[in-house]
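Okay, so here's the structure we're looking at.
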Amino acid sequence: MQRRVLLKAVTLAAASAAIGLGSIAVVAQQKTVKIGILHSLSGTMAISETVLKDTALMAIEEINAAGGVLGAKIEAVVVDPASNWPLFAEKARQLITQDKVSAVFGCWTSVSRKSVLPVFEELNSLLFYPVQYEGEELSKNVFYTGAAPNQQAIPAVEYLMSKDGGGAKRFVLLGTDYVYPRTTNKILRAFLKSKGVAEKDIDEVYTPFGHTDYQTIVANVKKFSAGGKTAVISTINGDSNVPFYKELGNQGLKATDVPVMAFSVGEEELRGVDTKPLVGHLAAWNYFMSLKNPANDGFRNKWANYAKVKKLAGADKSLTNDPMEATYIGIYMWKQAVEKAKTFDIDKVIAAVGGQTFVAPSGFTVKMDEKNHHLHKPVFIGEIKADGQFNVVWKTAGPVKANPWSKFIAGNETKKDEPVVTAAMKK
Amino acid sequence: MKGDSHNLARRLRSFATFYFPLFTVSIAMSTKSIARRVVLLVLFACALGARGATAIDIGVVDALAFGDSDERSAAIAKLVDEADPRAIALLEALGSGDLQTAGKRVLIVKGKDAFDAVTGERVSPLPPVREDVVANNRVRREIAGALGVLKLLSTERAVRLGATKALALSSDDAPLPSVKKALERESDDEIKAILVSIIASAGLKSDIVEERIAAVRALEHSSNPQTRTLLVQLLEKKSDGTYAEPDEGVRGAASISLRTVENRLAWGERVGLVFASLSLGSVLLLAALGLAITYGLMGVINMAHGELMMIGAYATYVVQNAFKVYAPEWFAWYLVLAVPIAFVASALVGMVLERTVIRHLYGRPLETLLATWGISLLLIQGVRTLFGAQNVQVENPSWMSGGIAILSNVVLPWNRIFIVLFAALVLVAIWLLLTRTRLGLFVRGVTQNRPMASCVGVATARVDTLAFGVGSGIAGLGGCALSQIGNVGPDLGQSYIVDSFMVVVLGGVGQLAGTVYAALGLGFVNKLIESWSGAVVAKIAVLVFIIIFIQKRPQGLFAFKGRAQEA
């Protein structure tokens, strides 16, 4: 009997000790906060989105190493929506309801953002969207760290029409067939018309996602360019860019004759392309890897080290690009907002993001607008160099405020420059 | 380097000590002899010039290196005016990004060598801190024009010919005075003719009617695509109802020239369209040929066909990387080895599939379909774990980059030309295999009448495996070819599987010839619609067309007649 009692006592003690230890362990592990990362790691968009996932993980590791947010370590929940737009919505819902993440960083294509938007509004969660896009959207639950049309597309076309840009008179608007290129081209068409470009001097061409045969299109561009100084404005997204640029090079369409201005082609997209025939083609962004300033040197080095340590694909030639910068800025802005709000509560964090500033790798201090959920960003135009990097040939004097509602689309004059909270959302 | 400059200094010194006394003497000499001395001196100076003792105006160099676009174009214009042959090297360096600055100094850097842009002296050692001089498109365009003019005065015929041709094709107004100057000095008939036509097209702006008519007539022979626009502009009516060209005679001549030019350009477009169709057709053919054997002849609905192509493409990628590491000097020829390896890799995977899975499912098409679909998912995931989900980079070897201009407005890219040829080669090889070899005979025998073939002693099981292997291997060849024009990723097969089945079914199951016609036909229809209404509509239209066609004619374009079909 004695022995049994003793045994019981020992087990009890052990059990309580274990529980006690457990709770101590939780304290030692300290609080964690989850954030979701929603980028395609496979499919046609993987070429662009995979590095954004890694950039987010790098920023999180950096923040955790510096003590986390509000004393909590950040835990990233990475999901792969596989370039499949409806799957984006499913995965977003899963992140919010099952994983209970405090914020989500993700999406590249506008069609994926449009697909997750109702989910974020319904569940009142928070999305940071890091890619340039067509505007025409302003949600209380989304912060847009990429460029709006007036921070990328419009200055780019103005440059093409300027003397330095070649004084283009005719324009081919070439894009992948979905919402971003269609809307951007609608804005650009209105813009070009306001500049006196005639209807017959604008050609609009679309291809499906993942298109690889650009023979006819390049031949047509050539034919169109015989009618006067022509520039191509490319909103081709994803891996279609590789065969497009290959075809351009092979058919001998040089940048001095017909410059191609791209809105979705950065250092990463050019990784696999022989850039020697492409020298002089252009891209407009709010950041280039080749920018020389201390913030960018730090960013580049951090990324190079991270890629090497984690043995990421292509770590031997580590590249940074604009959406990576925007992802990085987004995560830090979220961290700063949480610290300002002193809580992870979504509504309070949303209120605190507006007005946050950050010394961005672009070399400028960018600011989240107090009202319209978009960043004030500088604009750069770069020419492709033989080594796949960009030479900055034009830039704005400082950060530019975003106009998500472009004045070149009819009916936008009356729209408010801040999210409108509808009755349905308030419930 | 140091020894070199020592050497130079020594030679200079000996030059001075040797020639100076001579010079004083030479005053007394005859003028003829002085002339000879001077020539000698000049020759020596030229020899030094190559080493760089003469200088380009430092202001011009500074404007090129540090100025804004306007200053640069002024500097370029100045160099052209001076017609300084040394400017060619400088402008070429700026255009190709070889111009760098080290502090105030401007250098032309070629690999490890650097030359001072002003004096032309070799700079050694290379200054460690150098900045690239950045040219933009406008500057590059002006450099191209300037180089064209400077090269017009070159002493080598080939250089002049190239320059005149480039000038004739350039979109900007030709610099008339330079062209006229070049024409006066020119002796070569071919170059002369081109120069005359350049001057003629500039003559359009002349005030004299006869000159304009002559210009318009000369334009008839121009192969520049811009000519059409020039002529159309002449015939256009202005807003007030008058013609842009007031003279009736000039307009008449212009419309005749326009017709000729348009005819020629239309031919170019037709050739371009036919080639594009042929190229798309061969891509479809390469994708479908393997399936024509596994599905067409053997009747296996192989949903993993696309993945076998993907394996071929990845095999090419692996061979490419191996060449990069082990034999970089042979890199340009990696495809020669990649082709057989892609074939073998896909064939092996196909044979393993046949032995382990498909063989047990013969005669049960639905189950085959599901099983092979499952296998395709397995293969995709396998490649993803092995190589990562991202696309991998397969480079074109240098001989497959660029293109050949066959008409003024048509350039045929080399990689597409090679794919057309490759598709033809593979087709011939399959045809020979099926009709001229023992294996081909067995394959045809087994697919036409299995029990009878078995009765006469054909090892049908082995023939099945081999035939499936051949079909898979050809899919691998297709993948190898596609890696040269498209993206290589785990999903590569998914985008071609539908096309492959489309081609085989449209052509008629069991027919090699049908597959060929279907592939080329689809390529043509697709490109024709695309040139009318864009790529998106073309894709939809082709699918709709095939659905309707199969409804009307389920057996496809060509069908077996007779008893063989029941197998």
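Following the order of the structure tokens, chains are lettered A, B, ..., residues in each are numbered from 1, and ligands are numbered from 1.
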
Select residues of chain A: the criterion is any atom within 6 Å of an atom of chain B, counting only C-alpha atoms; output as an MDAnalysis selection string.
chainID A and resid 42 46:47 164 166 207:208 212 226:227 243 250:251 256 272 280

Report the residues of range 304-418 of chain A whose backbone DSSP state falls under alpha helix (DSSP H), written as a count of residues only.
34

For Asp387 in chain A, the nearest of the candidates A:Ile329, A:Ile350, A:Ile409, A:Val273, counting only C-alpha atoms
A:Val273

When you look at Val172 in chain A with a cut-off of 8 Å (counting only C-alpha atoms), what residues show up, excluding the ones that are within fewer than 6 positions of it in the same chain? I need them as a PyMOL selection string.
chain A and resi 202-205+221+230-233

Using only C-alpha atoms, which residues sit within 7 Å of range 350-364 of chain B once same-chain residues fewer than 6 positions away are excluded, as a VMD selection string?
chain B and resid 465 468 to 469 472

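Every protein or nucleic acid residue with an atom no more than 9 Å from range 197-209 of chain B, counting only C-alpha atoms and leaving out same-chain residues fewer than 5 positions away, appears here: B:Thr164, B:Leu167, B:Ala168, B:Asp173, B:Ala174, B:Leu176, B:Val179, B:Lys180, B:Lys192, B:Ala214, B:Ala215, B:Val216, B:Arg217, B:Ala218, B:Leu219, B:His221, B:Ser222, B:Thr227, B:Leu230, B:Asp247, B:Gly249, B:Val250.
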
Just want the 6 Å neighbourhood of Ser234 in chain A, counted on only C-alpha atoms, with same-chain residues fewer than 5 positions away dropped. Output as number ranges by chain.
A: 174-175, 261-262

What would the file look like if the residues just selected were written as a short mmCIF file (atom, residue, chain, number, x, y, z; two decimals), in the first residue's frame with N, CA and C atoms?
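Saved to part_33.cif:
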```
data_model
loop_
_atom_site.label_atom_id
_atom_site.label_comp_id
_atom_site.auth_asym_id
_atom_site.auth_seq_id
_atom_site.Cartn_x
_atom_site.Cartn_y
_atom_site.Cartn_z
N LEU A 174 0.75 46.02 -75.62
CA LEU A 174 0.80 44.56 -75.70
C LEU A 174 0.71 43.98 -74.29
N GLY A 175 -0.24 43.09 -74.06
CA GLY A 175 -0.38 42.57 -72.70
C GLY A 175 -0.92 41.17 -72.63
N MET A 261 8.78 49.19 -73.56
CA MET A 261 8.71 49.61 -72.16
C MET A 261 7.87 48.59 -71.41
N ALA A 262 8.47 47.92 -70.43
CA ALA A 262 7.74 46.86 -69.72
C ALA A 262 7.39 47.31 -68.31
#
```

Report as a PDB file with C-alpha atoms, in the first residue's frame all protein, DNA and RNA residues lying within 9 Å of Gly374 in chain B, evaluated on only C-alpha atoms, omitting residues in the same chain fewer than 4 positions from it.
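Final output, saved to part_32.pdb:
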```pdb
ATOM      1  CA  MET B 303      -2.161  11.301 -70.238  1.00  0.00           C
ATOM      2  CA  ALA B 304       1.467  11.331 -69.100  1.00  0.00           C
ATOM      3  CA  LEU B 369      -6.531   7.170 -68.741  1.00  0.00           C
ATOM      4  CA  LEU B 370      -6.873   7.492 -64.984  1.00  0.00           C
ATOM      5  CA  LEU B 378       3.617  11.897 -59.857  1.00  0.00           C
ATOM      6  CA  LEU B 379       6.149  12.851 -62.508  1.00  0.00           C
TER       7      LEU B 379
END
```

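For the pair CA of Ala295 in chain A and CA of Pro361 in chain A, the separation is 4.7 Å.
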